[in-house]
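Next up, start_8.cif (mmCIF, C-alpha atoms):
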```cif
data_model
#
loop_
_atom_site.label_atom_id
_atom_site.label_comp_id
_atom_site.auth_asym_id
_atom_site.auth_seq_id
_atom_site.Cartn_x
_atom_site.Cartn_y
_atom_site.Cartn_z
CA MET N 47 5.80 19.86 16.91
CA ALA N 48 2.61 18.58 15.30
CA ARG N 49 0.55 19.99 18.15
CA LYS N 50 2.13 23.41 17.65
CA ARG N 51 1.73 23.47 13.87
CA LEU N 52 -1.83 22.22 13.51
CA PRO N 53 -5.08 23.92 14.51
CA ARG N 54 -6.45 22.19 17.58
CA PRO N 55 -9.35 20.38 15.81
CA ILE N 56 -6.98 18.91 13.23
CA PHE N 57 -4.44 17.80 15.82
CA ASP N 58 -7.19 16.24 17.93
CA TYR N 59 -8.31 14.23 14.92
CA ILE N 60 -4.87 12.58 14.83
CA ASP N 61 -4.35 12.41 18.55
CA GLY N 62 -7.77 11.48 19.88
CA GLY N 63 -9.73 8.29 20.49
CA ALA N 64 -13.21 7.14 21.43
CA ASP N 65 -15.14 7.87 24.62
CA ASP N 66 -12.75 8.10 27.61
CA GLU N 67 -9.76 7.09 25.44
CA VAL N 68 -8.97 4.13 27.68
CA SER N 69 -7.97 1.88 24.77
CA LEU N 70 -6.02 4.73 23.18
CA ARG N 71 -3.81 5.00 26.26
CA ARG N 72 -3.69 1.28 26.92
CA ASN N 73 -2.42 0.54 23.40
CA VAL N 74 0.80 2.36 24.31
CA THR N 75 1.19 1.54 27.99
CA ALA N 76 0.60 -2.20 27.51
CA PHE N 77 4.06 -2.55 26.00
CA SER N 78 5.59 -1.66 29.38
CA ASN N 79 4.15 -4.91 30.78
CA TYR N 80 6.61 -6.86 28.62
CA GLU N 81 10.32 -7.15 29.35
CA LEU N 82 12.97 -8.06 26.80
CA VAL N 83 15.25 -10.88 27.94
CA PRO N 84 18.63 -10.61 26.16
CA ASP N 85 20.97 -13.33 24.98
CA ILE N 86 24.68 -12.75 25.53
CA LEU N 87 27.91 -13.42 23.66
CA ASN N 88 26.24 -13.74 20.27
CA ASP N 89 27.85 -12.24 17.19
CA VAL N 90 25.84 -9.09 16.48
CA SER N 91 28.37 -7.44 14.21
CA ALA N 92 25.74 -7.66 11.45
CA VAL N 93 22.03 -7.56 12.23
CA ARG N 94 19.48 -8.75 9.66
CA THR N 95 16.09 -7.06 9.77
CA GLY N 96 14.41 -8.05 6.49
CA THR N 97 11.09 -9.85 6.27
CA THR N 98 8.26 -10.60 3.85
CA LEU N 99 4.85 -8.96 4.22
CA PHE N 100 1.85 -9.30 1.93
CA GLY N 101 4.15 -11.46 -0.17
CA GLN N 102 6.59 -8.57 -0.69
CA PRO N 103 10.09 -8.01 0.72
CA SER N 104 10.35 -5.39 3.44
CA ARG N 105 13.59 -3.94 4.78
CA TRP N 106 12.32 -4.38 8.32
CA PRO N 107 9.11 -5.59 9.99
CA LEU N 108 7.16 -2.34 9.88
CA MET N 109 4.40 -1.08 7.63
CA LEU N 110 2.59 2.24 7.43
CA ALA N 111 -1.04 1.75 8.33
CA PRO N 112 -3.85 3.31 6.29
CA THR N 113 -4.99 6.69 7.60
CA GLY N 114 -7.83 8.73 6.14
CA LEU N 115 -8.01 12.44 5.35
CA THR N 116 -4.22 12.76 5.20
CA ARG N 117 -4.27 16.05 3.30
CA MET N 118 -5.65 17.69 6.44
CA PHE N 119 -2.27 17.24 8.11
CA HIS N 120 0.01 18.37 5.28
CA GLY N 121 -0.58 19.54 1.74
CA HIS N 122 1.64 16.85 0.19
CA ALA N 123 -0.63 14.26 1.78
CA GLU N 124 -0.22 10.54 1.03
CA LEU N 125 2.45 11.06 -1.61
CA ALA N 126 4.84 12.52 0.97
CA VAL N 127 4.29 9.50 3.22
CA ALA N 128 4.73 7.03 0.36
CA ARG N 129 7.99 8.65 -0.75
CA ALA N 130 9.37 8.29 2.77
CA ALA N 131 8.21 4.66 2.88
CA ALA N 132 10.00 4.00 -0.41
CA ARG N 133 13.30 5.29 0.98
CA HIS N 134 12.94 3.00 3.97
CA GLY N 135 11.92 -0.02 1.90
CA ILE N 136 8.69 -0.73 3.78
CA VAL N 137 5.04 -1.36 2.92
CA TYR N 138 2.71 1.61 2.57
CA SER N 139 -1.06 1.20 2.88
CA LEU N 140 -3.45 3.68 1.29
CA SER N 141 -6.84 4.27 2.89
CA THR N 142 -10.13 4.17 1.02
CA MET N 143 -10.74 7.48 2.80
CA GLY N 144 -7.43 8.88 1.60
CA THR N 145 -7.09 12.14 -0.29
CA THR N 146 -4.98 10.77 -3.16
CA ARG N 147 -6.32 8.59 -5.96
CA LEU N 148 -4.99 5.06 -5.74
CA GLU N 149 -3.85 5.25 -9.37
CA ASP N 150 -1.83 8.39 -8.66
CA LEU N 151 -0.26 6.78 -5.62
CA ALA N 152 0.66 3.65 -7.58
CA GLN N 153 2.24 5.72 -10.33
CA ALA N 154 4.37 7.66 -7.85
CA PHE N 155 5.28 4.77 -5.53
CA ALA N 156 6.91 1.63 -6.91
CA GLY N 157 7.39 0.01 -3.50
CA PRO N 158 5.20 -2.61 -1.82
CA LYS N 159 1.71 -1.15 -1.48
CA VAL N 160 -1.54 -2.25 0.08
CA PHE N 161 -5.00 -0.77 -0.29
CA GLN N 162 -7.27 -0.62 2.73
CA ILE N 163 -10.79 -1.52 1.67
CA TYR N 164 -14.29 -1.74 3.12
CA ILE N 165 -17.22 -3.87 2.06
CA PHE N 166 -19.75 -1.14 1.35
CA LYS N 167 -23.49 -1.46 1.12
CA ASP N 168 -22.95 -0.99 -2.60
CA ARG N 169 -20.94 -4.15 -3.35
CA GLY N 170 -20.35 -2.75 -6.81
CA LEU N 171 -18.17 -0.02 -5.30
CA THR N 172 -16.11 -2.61 -3.44
CA ALA N 173 -15.73 -4.68 -6.62
CA GLU N 174 -14.67 -1.52 -8.44
CA PHE N 175 -11.91 -0.95 -5.89
CA VAL N 176 -10.68 -4.51 -6.31
CA ALA N 177 -10.44 -4.07 -10.07
CA ARG N 178 -8.75 -0.68 -9.78
CA CYS N 179 -6.18 -2.02 -7.30
CA ARG N 180 -5.40 -4.96 -9.55
CA ASP N 181 -4.98 -2.71 -12.57
CA ALA N 182 -2.80 -0.25 -10.62
CA GLY N 183 -0.45 -2.96 -9.34
CA PHE N 184 -1.28 -3.02 -5.63
CA HIS N 185 0.22 -6.01 -3.88
CA GLY N 186 -2.39 -6.62 -1.21
CA LEU N 187 -5.67 -5.59 0.39
CA ALA N 188 -6.46 -4.91 4.05
CA LEU N 189 -10.16 -5.28 4.82
CA THR N 190 -11.22 -3.16 7.80
CA VAL N 191 -14.00 -4.89 9.74
CA ASP N 192 -14.25 -2.96 13.03
CA THR N 193 -16.33 -0.02 11.80
CA PRO N 194 -19.98 -1.10 11.53
CA VAL N 195 -20.59 2.32 13.08
CA ALA N 196 -18.12 5.11 13.81
CA GLY N 197 -16.71 5.34 17.32
CA ASN N 198 -17.74 8.13 19.65
CA ARG N 199 -14.77 10.45 19.11
CA GLU N 200 -15.69 13.21 21.49
CA ARG N 201 -12.79 15.52 20.74
CA ASP N 202 -14.01 15.81 17.15
CA ARG N 203 -17.60 16.34 18.25
CA ARG N 204 -16.58 19.18 20.53
CA SER N 205 -14.57 20.91 17.82
CA GLY N 206 -17.22 20.51 15.12
CA LEU N 207 -14.95 18.68 12.71
CA SER N 208 -17.06 17.81 9.68
CA LEU N 209 -17.08 17.67 5.90
CA PRO N 210 -16.93 20.60 5.33
CA PRO N 211 -15.99 21.85 8.82
CA LYS N 212 -18.76 23.21 11.08
CA LEU N 213 -16.53 25.06 13.46
CA THR N 214 -17.26 26.45 16.86
CA LEU N 215 -15.94 29.90 17.69
CA LYS N 216 -13.14 28.35 19.72
CA SER N 217 -12.20 26.09 16.82
CA LEU N 218 -12.30 28.96 14.35
CA LEU N 219 -9.92 30.98 16.51
CA SER N 220 -7.53 28.04 16.51
CA PHE N 221 -7.47 28.09 12.71
CA VAL N 222 -6.86 31.83 12.74
CA ARG N 223 -3.91 31.36 15.11
CA HIS N 224 -2.32 28.85 12.71
CA PRO N 225 -2.00 30.75 9.40
CA SER N 226 0.88 28.53 8.26
CA TRP N 227 -1.66 25.69 8.09
CA SER N 228 -4.81 27.62 7.24
CA LEU N 229 -3.54 29.67 4.29
CA PRO N 230 -2.13 26.70 2.34
CA ALA N 231 -5.30 24.77 3.11
CA LEU N 232 -7.40 27.55 1.60
CA THR N 233 -5.21 28.16 -1.45
CA GLY N 234 -3.80 24.68 -2.17
CA SER N 235 -5.28 21.59 -3.79
CA ARG N 236 -8.96 20.99 -3.19
CA PHE N 237 -9.66 18.69 -0.27
CA ASP N 238 -11.35 15.59 -1.59
CA LEU N 239 -11.90 11.97 -0.60
CA ALA N 240 -10.39 11.16 -3.95
CA ASN N 241 -11.20 7.46 -4.13
CA VAL N 242 -14.87 7.61 -3.21
CA SER N 243 -16.23 11.06 -4.01
CA HIS N 244 -17.18 10.08 -7.56
CA ARG N 245 -19.64 7.49 -6.23
CA ILE N 246 -20.98 8.99 -2.98
CA ASP N 247 -23.62 11.60 -3.66
CA ALA N 248 -24.04 12.38 0.02
CA LEU N 249 -20.97 14.55 -0.01
CA ALA N 250 -22.78 17.10 -2.14
CA SER N 251 -25.80 17.38 0.12
CA GLY N 252 -24.31 19.86 2.56
CA PRO N 253 -22.37 19.76 5.81
CA MET N 254 -22.40 16.41 7.58
CA SER N 255 -20.30 15.15 10.44
CA LEU N 256 -17.56 12.64 9.75
CA PHE N 257 -19.40 10.22 11.99
CA ASP N 258 -22.67 10.47 10.06
CA TYR N 259 -20.88 10.27 6.73
CA ILE N 260 -18.81 7.21 7.55
CA GLY N 261 -21.66 5.51 9.38
CA GLY N 262 -23.96 5.99 6.41
CA GLN N 263 -21.62 4.14 4.05
CA PHE N 264 -20.85 1.07 6.11
CA ASP N 265 -22.92 -2.09 6.09
CA ARG N 266 -23.69 -3.51 9.53
CA SER N 267 -24.72 -6.81 7.97
CA VAL N 268 -21.25 -7.69 6.62
CA GLY N 269 -20.33 -11.27 7.55
CA TRP N 270 -17.91 -14.07 6.83
CA ARG N 271 -19.50 -14.86 3.47
CA ASP N 272 -18.57 -11.35 2.37
CA VAL N 273 -14.96 -12.00 3.36
CA GLU N 274 -15.03 -15.20 1.30
CA TRP N 275 -16.44 -13.24 -1.64
CA LEU N 276 -13.74 -10.57 -1.37
CA ALA N 277 -10.99 -13.19 -1.12
CA ARG N 278 -12.24 -14.80 -4.34
CA GLU N 279 -12.58 -11.45 -6.11
CA TRP N 280 -9.07 -10.36 -5.17
CA ASN N 281 -7.27 -13.73 -5.25
CA GLY N 282 -4.14 -12.30 -3.64
CA PRO N 283 -2.68 -11.33 -0.27
CA LEU N 284 -5.53 -10.20 1.99
CA ALA N 285 -5.38 -9.21 5.66
CA ILE N 286 -8.41 -8.72 7.88
CA LYS N 287 -7.88 -5.56 9.92
CA GLY N 288 -9.66 -5.38 13.26
CA VAL N 289 -9.19 -8.97 14.46
CA MET N 290 -8.88 -9.19 18.24
CA THR N 291 -9.50 -12.83 19.19
CA PRO N 292 -7.93 -16.19 18.29
CA GLU N 293 -11.30 -17.47 17.12
CA ASP N 294 -11.79 -14.61 14.67
CA ALA N 295 -8.22 -14.99 13.48
CA ARG N 296 -8.80 -18.66 12.65
CA ARG N 297 -12.06 -17.81 10.91
CA SER N 298 -10.33 -15.10 8.87
CA ILE N 299 -7.79 -17.56 7.48
CA ALA N 300 -10.48 -20.17 6.87
CA SER N 301 -12.44 -17.56 4.90
CA GLY N 302 -9.57 -16.94 2.50
CA ALA N 303 -7.44 -14.25 4.15
CA THR N 304 -3.67 -14.67 4.15
CA GLY N 305 -3.15 -12.67 7.33
CA VAL N 306 -4.70 -10.61 10.10
CA MET N 307 -4.06 -7.17 11.53
CA VAL N 308 -4.62 -7.33 15.27
CA SER N 309 -6.12 -3.91 15.86
CA ASN N 310 -8.65 -1.91 17.86
CA HIS N 311 -8.49 0.91 15.29
CA GLY N 312 -6.06 2.92 17.37
CA GLY N 313 -8.55 3.17 20.23
CA ARG N 314 -10.93 5.09 17.96
CA GLN N 315 -13.77 2.57 17.87
CA LEU N 316 -14.67 0.33 20.84
CA ASP N 317 -13.24 1.95 23.94
CA GLY N 318 -12.19 -0.68 26.46
CA ALA N 319 -11.05 -3.18 23.82
CA PRO N 320 -7.78 -4.98 24.61
CA ALA N 321 -4.44 -3.60 23.51
CA PRO N 322 -3.28 -5.37 20.33
CA ILE N 323 0.06 -6.38 21.85
CA ASP N 324 -1.79 -8.39 24.51
CA GLN N 325 -3.53 -10.46 21.83
CA ILE N 326 -0.57 -11.29 19.58
CA ALA N 327 0.61 -14.51 21.23
CA ALA N 328 -2.85 -16.08 21.33
CA VAL N 329 -3.58 -15.08 17.73
CA ARG N 330 -0.28 -16.54 16.51
CA ASP N 331 -0.98 -19.78 18.35
CA ALA N 332 -4.41 -19.91 16.72
CA VAL N 333 -3.33 -19.42 13.10
CA GLY N 334 0.00 -21.24 13.12
CA GLY N 335 3.22 -20.15 11.50
CA GLY N 336 2.09 -19.36 7.96
CA PRO N 337 -0.22 -16.33 7.93
CA ASP N 338 0.91 -12.74 8.47
CA VAL N 339 0.07 -11.49 11.96
CA ILE N 340 0.46 -7.71 12.18
CA CYS N 341 0.36 -5.81 15.46
CA ASP N 342 -1.45 -2.56 14.69
CA GLY N 343 -1.51 0.03 17.43
CA GLY N 344 0.55 1.57 20.22
CA ILE N 345 3.98 1.37 18.59
CA ARG N 346 6.11 4.27 19.81
CA ARG N 347 9.59 2.71 20.03
CA GLY N 348 11.67 0.32 18.00
CA SER N 349 11.76 -1.89 21.09
CA ASP N 350 7.95 -2.16 20.86
CA VAL N 351 8.37 -3.79 17.45
CA ALA N 352 10.89 -6.25 18.88
CA LYS N 353 8.49 -7.21 21.68
CA ALA N 354 5.63 -7.80 19.22
CA LEU N 355 7.83 -9.96 16.99
CA ALA N 356 9.01 -12.01 19.98
CA LEU N 357 5.38 -12.69 20.87
CA GLY N 358 4.65 -13.94 17.36
CA ALA N 359 3.92 -10.96 15.12
CA THR N 360 5.20 -10.93 11.56
CA ALA N 361 5.40 -7.14 11.63
CA CYS N 362 3.91 -4.04 13.21
CA SER N 363 2.06 -1.12 11.65
CA ILE N 364 2.00 2.51 12.69
CA GLY N 365 -0.39 5.37 12.01
CA ARG N 366 -0.08 8.21 14.50
CA PRO N 367 3.75 8.19 14.64
CA TYR N 368 4.12 8.96 10.96
CA LEU N 369 1.20 11.41 10.98
CA TYR N 370 2.87 13.36 13.77
CA GLY N 371 5.97 13.47 11.58
CA LEU N 372 3.97 14.52 8.52
CA ALA N 373 2.27 17.33 10.40
CA ALA N 374 5.53 18.48 11.96
CA GLY N 375 7.66 18.51 8.83
CA GLY N 376 6.01 16.99 5.79
CA GLU N 377 7.94 14.27 3.98
CA ALA N 378 11.10 15.07 5.97
CA GLY N 379 9.13 14.66 9.18
CA VAL N 380 7.88 11.21 8.15
CA ASP N 381 11.40 10.25 7.15
CA ARG N 382 12.72 11.40 10.53
CA ALA N 383 10.10 9.39 12.44
CA LEU N 384 10.91 6.27 10.43
CA THR N 385 14.65 6.80 10.88
CA LEU N 386 14.26 7.02 14.64
CA LEU N 387 12.20 3.82 14.79
CA THR N 388 14.59 1.96 12.48
CA GLU N 389 17.63 2.94 14.54
CA GLU N 390 15.87 1.97 17.76
CA PHE N 391 14.84 -1.41 16.36
CA GLU N 392 18.33 -2.26 15.16
CA ARG N 393 19.83 -1.08 18.45
CA THR N 394 17.33 -3.18 20.41
CA LEU N 395 18.22 -6.33 18.45
CA THR N 396 21.92 -5.68 18.99
CA LEU N 397 21.55 -5.14 22.73
CA ALA N 398 19.29 -8.20 22.98
CA GLY N 399 21.97 -10.34 21.34
CA VAL N 400 19.76 -11.15 18.34
CA ASN N 401 21.41 -10.95 14.93
CA ASP N 402 18.30 -11.72 12.89
CA ALA N 403 14.82 -10.30 13.51
CA ALA N 404 13.39 -13.67 12.43
CA ALA N 405 15.13 -15.28 15.42
CA LEU N 406 13.13 -13.32 18.00
CA SER N 407 11.07 -15.79 20.01
CA ARG N 408 8.95 -16.13 23.14
CA GLY N 409 12.14 -16.72 25.08
CA HIS N 410 13.16 -13.13 24.44
CA VAL N 411 10.14 -11.61 26.18
CA ARG N 412 8.27 -12.09 29.42
CA THR N 413 5.53 -10.28 31.28
CA ARG N 414 6.19 -8.46 34.51
CA GLU N 415 3.58 -10.71 36.16
CA ASN N 416 5.53 -13.84 35.15
CA ARG N 417 8.69 -12.29 36.57
CA ARG N 418 7.00 -11.87 39.95
CA ASP N 419 5.66 -15.42 39.81
CA MET N 420 9.16 -16.77 39.10
CA ALA N 421 10.58 -14.82 42.01
#
```
What does the file become when written as structure tokens?
Amino acid sequence: MARKRLPRPIFDYIDGGADDEVSLRRNVTAFSNYELVPDILNDVSAVRTGTTLFGQPSRWPLMLAPTGLTRMFHGHAELAVARAAARHGIVYSLSTMGTTRLEDLAQAFAGPKVFQIYIFKDRGLTAEFVARCRDAGFHGLALTVDTPVAGNRERDRRSGLSLPPKLTLKSLLSFVRHPSWSLPALTGSRFDLANVSHRIDALASGPMSLFDYIGGQFDRSVGWRDVEWLAREWNGPLAIKGVMTPEDARRSIASGATGVMVSNHGGRQLDGAPAPIDQIAAVRDAVGGGPDVICDGGIRRGSDVAKALALGATACSIGRPYLYGLAAGGEAGVDRALTLLTEEFERTLTLAGVNDAAALSRGHVRTRENRRDMA
């Protein structure tokens, strides 16, 4: 439905990845390498799904990952997503590159909320975000660390997606063929990177590609001392987003983070990076039982969440699934996507003979390779 309702360049921005999109595909298909091993004759008349994430209660182990430029996909933007998250009792994360001011989001959404942050070249801007999030009542920060330079997202390059758009003739025709998207986009609220536009003069200098814009703001020299600085500045729940190895997970916790988001940025950065699900067990073993370990990427079924939890994840986060819903039907579309995942997760626990999501363990999952070895 999202593909039908969006102009092709806008849909490709949601749907696409970097280079040959190997990691993009692998993020999803890697889950098929894991089999769920059920228990039998357990009382599953009541299934408990609640957990704690970023120090806040969550109705089930899922959070909505930060996604930039959300107003491109539906005019109600981040507020529609947050309202759906509130109904489902789960964490919502707002992107620095979002199109809704963090103060407006906080005022409209009383649920558990996280702000995704970068350490910019201008450390003053990062410190400003920390202060604004504290004043607005955000419960946690997620520091993205896998974007020293933007990935080579070739679908967007071909379509000419930029700020403002530099469209090819083919792209322009796609916008013309989708008046239900194009007319509201032209007549509705002004598109704006609401949390950063007041400080980034480059936006006023004329058309520039998303890649050049993002690349120009990020500091390739960011290191562990910067993480330590941010942890001190914030002094609250902090996850490092973009961790892929046990060593970096340990270093994240040692530097003051309270958790990690195991992520390859949805296959949009380093193509060929491992699928997050394949790294969860090793990361959990590295950091021990205390820190949050969030599997970010490739979730398409409630059973995927169960597999990640069995391997050691605290929770999973999704981006594309709720954006597809948003593009297809606005707030109702997000709500529908979340309802489907929730029902699938609860059904999976019931069929697996697990009456509490916290009881999922390594014994409930095995790889197909191990099955062959055992045979």
Residue neighbourhood Gly96 in chain N, 10 Å, only C-alpha atoms, exclusion window fewer than 3 positions, as an MDAnalysis selection string
chainID N and resid 93 99 103:108 135:136 402:404
What's around Ala156 in chain N at 10 Å? Count all atoms listed in the file, leave out sequence neighbours fewer than 4 positions away in its own chain, and write the answer as an mmCIF file with C-alpha atoms, in the frame of the given file.
```cif
data_model
loop_
_atom_site.group_PDB
_atom_site.id
_atom_site.type_symbol
_atom_site.label_atom_id
_atom_site.label_comp_id
_atom_site.auth_asym_id
_atom_site.auth_seq_id
_atom_site.Cartn_x
_atom_site.Cartn_y
_atom_site.Cartn_z
ATOM 1 C CA ALA N 128 4.730 7.030 0.360
ATOM 2 C CA ARG N 129 7.990 8.650 -0.750
ATOM 3 C CA ALA N 132 10.000 4.000 -0.410
ATOM 4 C CA LEU N 151 -0.260 6.780 -5.620
ATOM 5 C CA ALA N 152 0.660 3.650 -7.580
ATOM 6 C CA GLY N 183 -0.450 -2.960 -9.340
ATOM 7 C CA PHE N 184 -1.280 -3.020 -5.630
#
```
If the PyMOL selection byres ((chain N and resi 362-379) around 6) were run on this exact file, what residues would it hold? Put them as a PDB file with C-alpha atoms, keeping the file's coordinate frame.
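Result file result08.pdb:
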```
ATOM      1  CA  MET N  47       5.800  19.860  16.910  1.00  0.00           C
ATOM      2  CA  ALA N  48       2.610  18.580  15.300  1.00  0.00           C
ATOM      3  CA  LEU N 108       7.160  -2.340   9.880  1.00  0.00           C
ATOM      4  CA  MET N 109       4.400  -1.080   7.630  1.00  0.00           C
ATOM      5  CA  LEU N 110       2.590   2.240   7.430  1.00  0.00           C
ATOM      6  CA  ALA N 111      -1.040   1.750   8.330  1.00  0.00           C
ATOM      7  CA  PHE N 119      -2.270  17.240   8.110  1.00  0.00           C
ATOM      8  CA  HIS N 120       0.010  18.370   5.280  1.00  0.00           C
ATOM      9  CA  ALA N 126       4.840  12.520   0.970  1.00  0.00           C
ATOM     10  CA  ILE N 340       0.460  -7.710  12.180  1.00  0.00           C
ATOM     11  CA  CYS N 341       0.360  -5.810  15.460  1.00  0.00           C
ATOM     12  CA  ASP N 342      -1.450  -2.560  14.690  1.00  0.00           C
ATOM     13  CA  ALA N 361       5.400  -7.140  11.630  1.00  0.00           C
ATOM     14  CA  VAL N 380       7.880  11.210   8.150  1.00  0.00           C
ATOM     15  CA  ASP N 381      11.400  10.250   7.150  1.00  0.00           C
ATOM     16  CA  ARG N 382      12.720  11.400  10.530  1.00  0.00           C
ATOM     17  CA  ALA N 383      10.100   9.390  12.440  1.00  0.00           C
TER      18      ALA N 383
END
```
Which of N:His185, N:Arg203, N:Thr360, N:Glu174 sits closest to Gly157 in chain N [using only C-alpha atoms]
N:His185
Could you work out how far CA of Glu274 in chain N lies from CA of Ala196 in chain N, giving the answer in Å with one decimal?
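These atoms are spaced 24.1 Å apart.
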Which distance in Å separates CA of Tyr59 in chain N and CA of Leu125 in chain N, to one decimal?
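Computing it gives 20.0 Å between the two atoms.
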Counting only C-alpha atoms, which residues sit no farther than 8 Å from the position (-14.1, 0.5, 0.1) in the file's frame? I'd like them as a list of chain:residue names.
N:Thr142, N:Gln162, N:Ile163, N:Tyr164, N:Ile165, N:Phe166, N:Leu171, N:Thr172, N:Phe175, N:Val242
I need the output of the PyMOL selection byres ((chain N and resi 401) around 7) for this file as a PyMOL selection string; which residues are they?
chain N and resi 89-90+92-94+395-396+399-400+402-403
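Across the chains present, the PyMOL selection byres ((chain N and resi 69) around 9) applied to this file returns Gly63, Ala64, Asp66, Glu67, Val68, Leu70, Arg71, Arg72, Asn73, Val74, Asn310, Gly312, Gly313, Arg314, Leu316, Asp317, Gly318, Ala319, Pro320 and Ala321 of chain N.
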For Gly343 in chain N, which residue out of N:Ala131, N:Leu384, N:Ala76, N:Val137 is the nearest one, using only C-alpha atoms?
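Ranked by minimum distance to Gly343 in chain N, first place goes to N:Ala76.
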Who sits within 9 Å of range 280-294 of chain N, only C-alpha atoms, same chain under 2 positions skipped, as number ranges by chain
N: 100-101, 162, 173, 176-177, 180, 185-193, 273, 275-278, 296-299, 302-311, 319-322, 325-326, 328-333, 338-340, 342
Using all atoms listed in the file, can you tell me which of N:Leu52, N:Leu87, N:Val268, N:Ala130 comes closest to Pro194 in chain N?
N:Val268
How many Å lie between CA of Ser91 in chain N and CA of Glu390 in chain N, rounded to one decimal?
16.0 Å
Where atoms are absent from range 70-84 of chain N, fill them in so it carries N, CA and C atoms, then output it as a PDB file, in the frame of the given file.
```pdb
ATOM      1  N   LEU N  70      -7.070   3.907  23.781  1.00  0.00           N
ATOM      2  CA  LEU N  70      -6.020   4.730  23.180  1.00  0.00           C
ATOM      3  C   LEU N  70      -4.778   4.738  24.059  1.00  0.00           C
ATOM      4  N   ARG N  71      -4.950   4.973  25.346  1.00  0.00           N
ATOM      5  CA  ARG N  71      -3.810   5.000  26.260  1.00  0.00           C
ATOM      6  C   ARG N  71      -3.228   3.606  26.480  1.00  0.00           C
ATOM      7  N   ARG N  72      -4.123   2.643  26.622  1.00  0.00           N
ATOM      8  CA  ARG N  72      -3.690   1.280  26.920  1.00  0.00           C
ATOM      9  C   ARG N  72      -2.872   0.692  25.773  1.00  0.00           C
ATOM     10  N   ASN N  73      -3.192   1.047  24.537  1.00  0.00           N
ATOM     11  CA  ASN N  73      -2.420   0.540  23.400  1.00  0.00           C
ATOM     12  C   ASN N  73      -0.933   0.800  23.576  1.00  0.00           C
ATOM     13  N   VAL N  74      -0.604   1.968  24.122  1.00  0.00           N
ATOM     14  CA  VAL N  74       0.800   2.360  24.310  1.00  0.00           C
ATOM     15  C   VAL N  74       1.366   1.772  25.601  1.00  0.00           C
ATOM     16  N   THR N  75       0.633   1.931  26.692  1.00  0.00           N
ATOM     17  CA  THR N  75       1.190   1.540  27.990  1.00  0.00           C
ATOM     18  C   THR N  75       1.309   0.027  28.142  1.00  0.00           C
ATOM     19  N   ALA N  76       0.538  -0.745  27.381  1.00  0.00           N
ATOM     20  CA  ALA N  76       0.600  -2.200  27.510  1.00  0.00           C
ATOM     21  C   ALA N  76       1.978  -2.751  27.197  1.00  0.00           C
ATOM     22  N   PHE N  77       2.733  -2.061  26.343  1.00  0.00           N
ATOM     23  CA  PHE N  77       4.060  -2.550  26.000  1.00  0.00           C
ATOM     24  C   PHE N  77       4.984  -2.571  27.219  1.00  0.00           C
ATOM     25  N   SER N  78       4.722  -1.703  28.196  1.00  0.00           N
ATOM     26  CA  SER N  78       5.590  -1.660  29.380  1.00  0.00           C
ATOM     27  C   SER N  78       5.403  -2.892  30.263  1.00  0.00           C
ATOM     28  N   ASN N  79       4.347  -3.687  30.018  1.00  0.00           N
ATOM     29  CA  ASN N  79       4.150  -4.910  30.780  1.00  0.00           C
ATOM     30  C   ASN N  79       5.069  -6.044  30.314  1.00  0.00           C
ATOM     31  N   TYR N  80       5.753  -5.817  29.183  1.00  0.00           N
ATOM     32  CA  TYR N  80       6.610  -6.860  28.620  1.00  0.00           C
ATOM     33  C   TYR N  80       8.074  -6.443  28.759  1.00  0.00           C
ATOM     34  N   GLU N  81       8.885  -7.379  29.201  1.00  0.00           N
ATOM     35  CA  GLU N  81      10.320  -7.150  29.350  1.00  0.00           C
ATOM     36  C   GLU N  81      11.069  -7.964  28.292  1.00  0.00           C
ATOM     37  N   LEU N  82      12.102  -7.366  27.737  1.00  0.00           N
ATOM     38  CA  LEU N  82      12.970  -8.060  26.800  1.00  0.00           C
ATOM     39  C   LEU N  82      14.072  -8.785  27.562  1.00  0.00           C
ATOM     40  N   VAL N  83      14.254 -10.060  27.258  1.00  0.00           N
ATOM     41  CA  VAL N  83      15.250 -10.880  27.940  1.00  0.00           C
ATOM     42  C   VAL N  83      16.392 -11.128  26.948  1.00  0.00           C
ATOM     43  N   PRO N  84      17.564 -10.529  27.157  1.00  0.00           N
ATOM     44  CA  PRO N  84      18.630 -10.610  26.160  1.00  0.00           C
ATOM     45  C   PRO N  84      19.418 -11.915  26.212  1.00  0.00           C
TER      46      PRO N  84
END
```
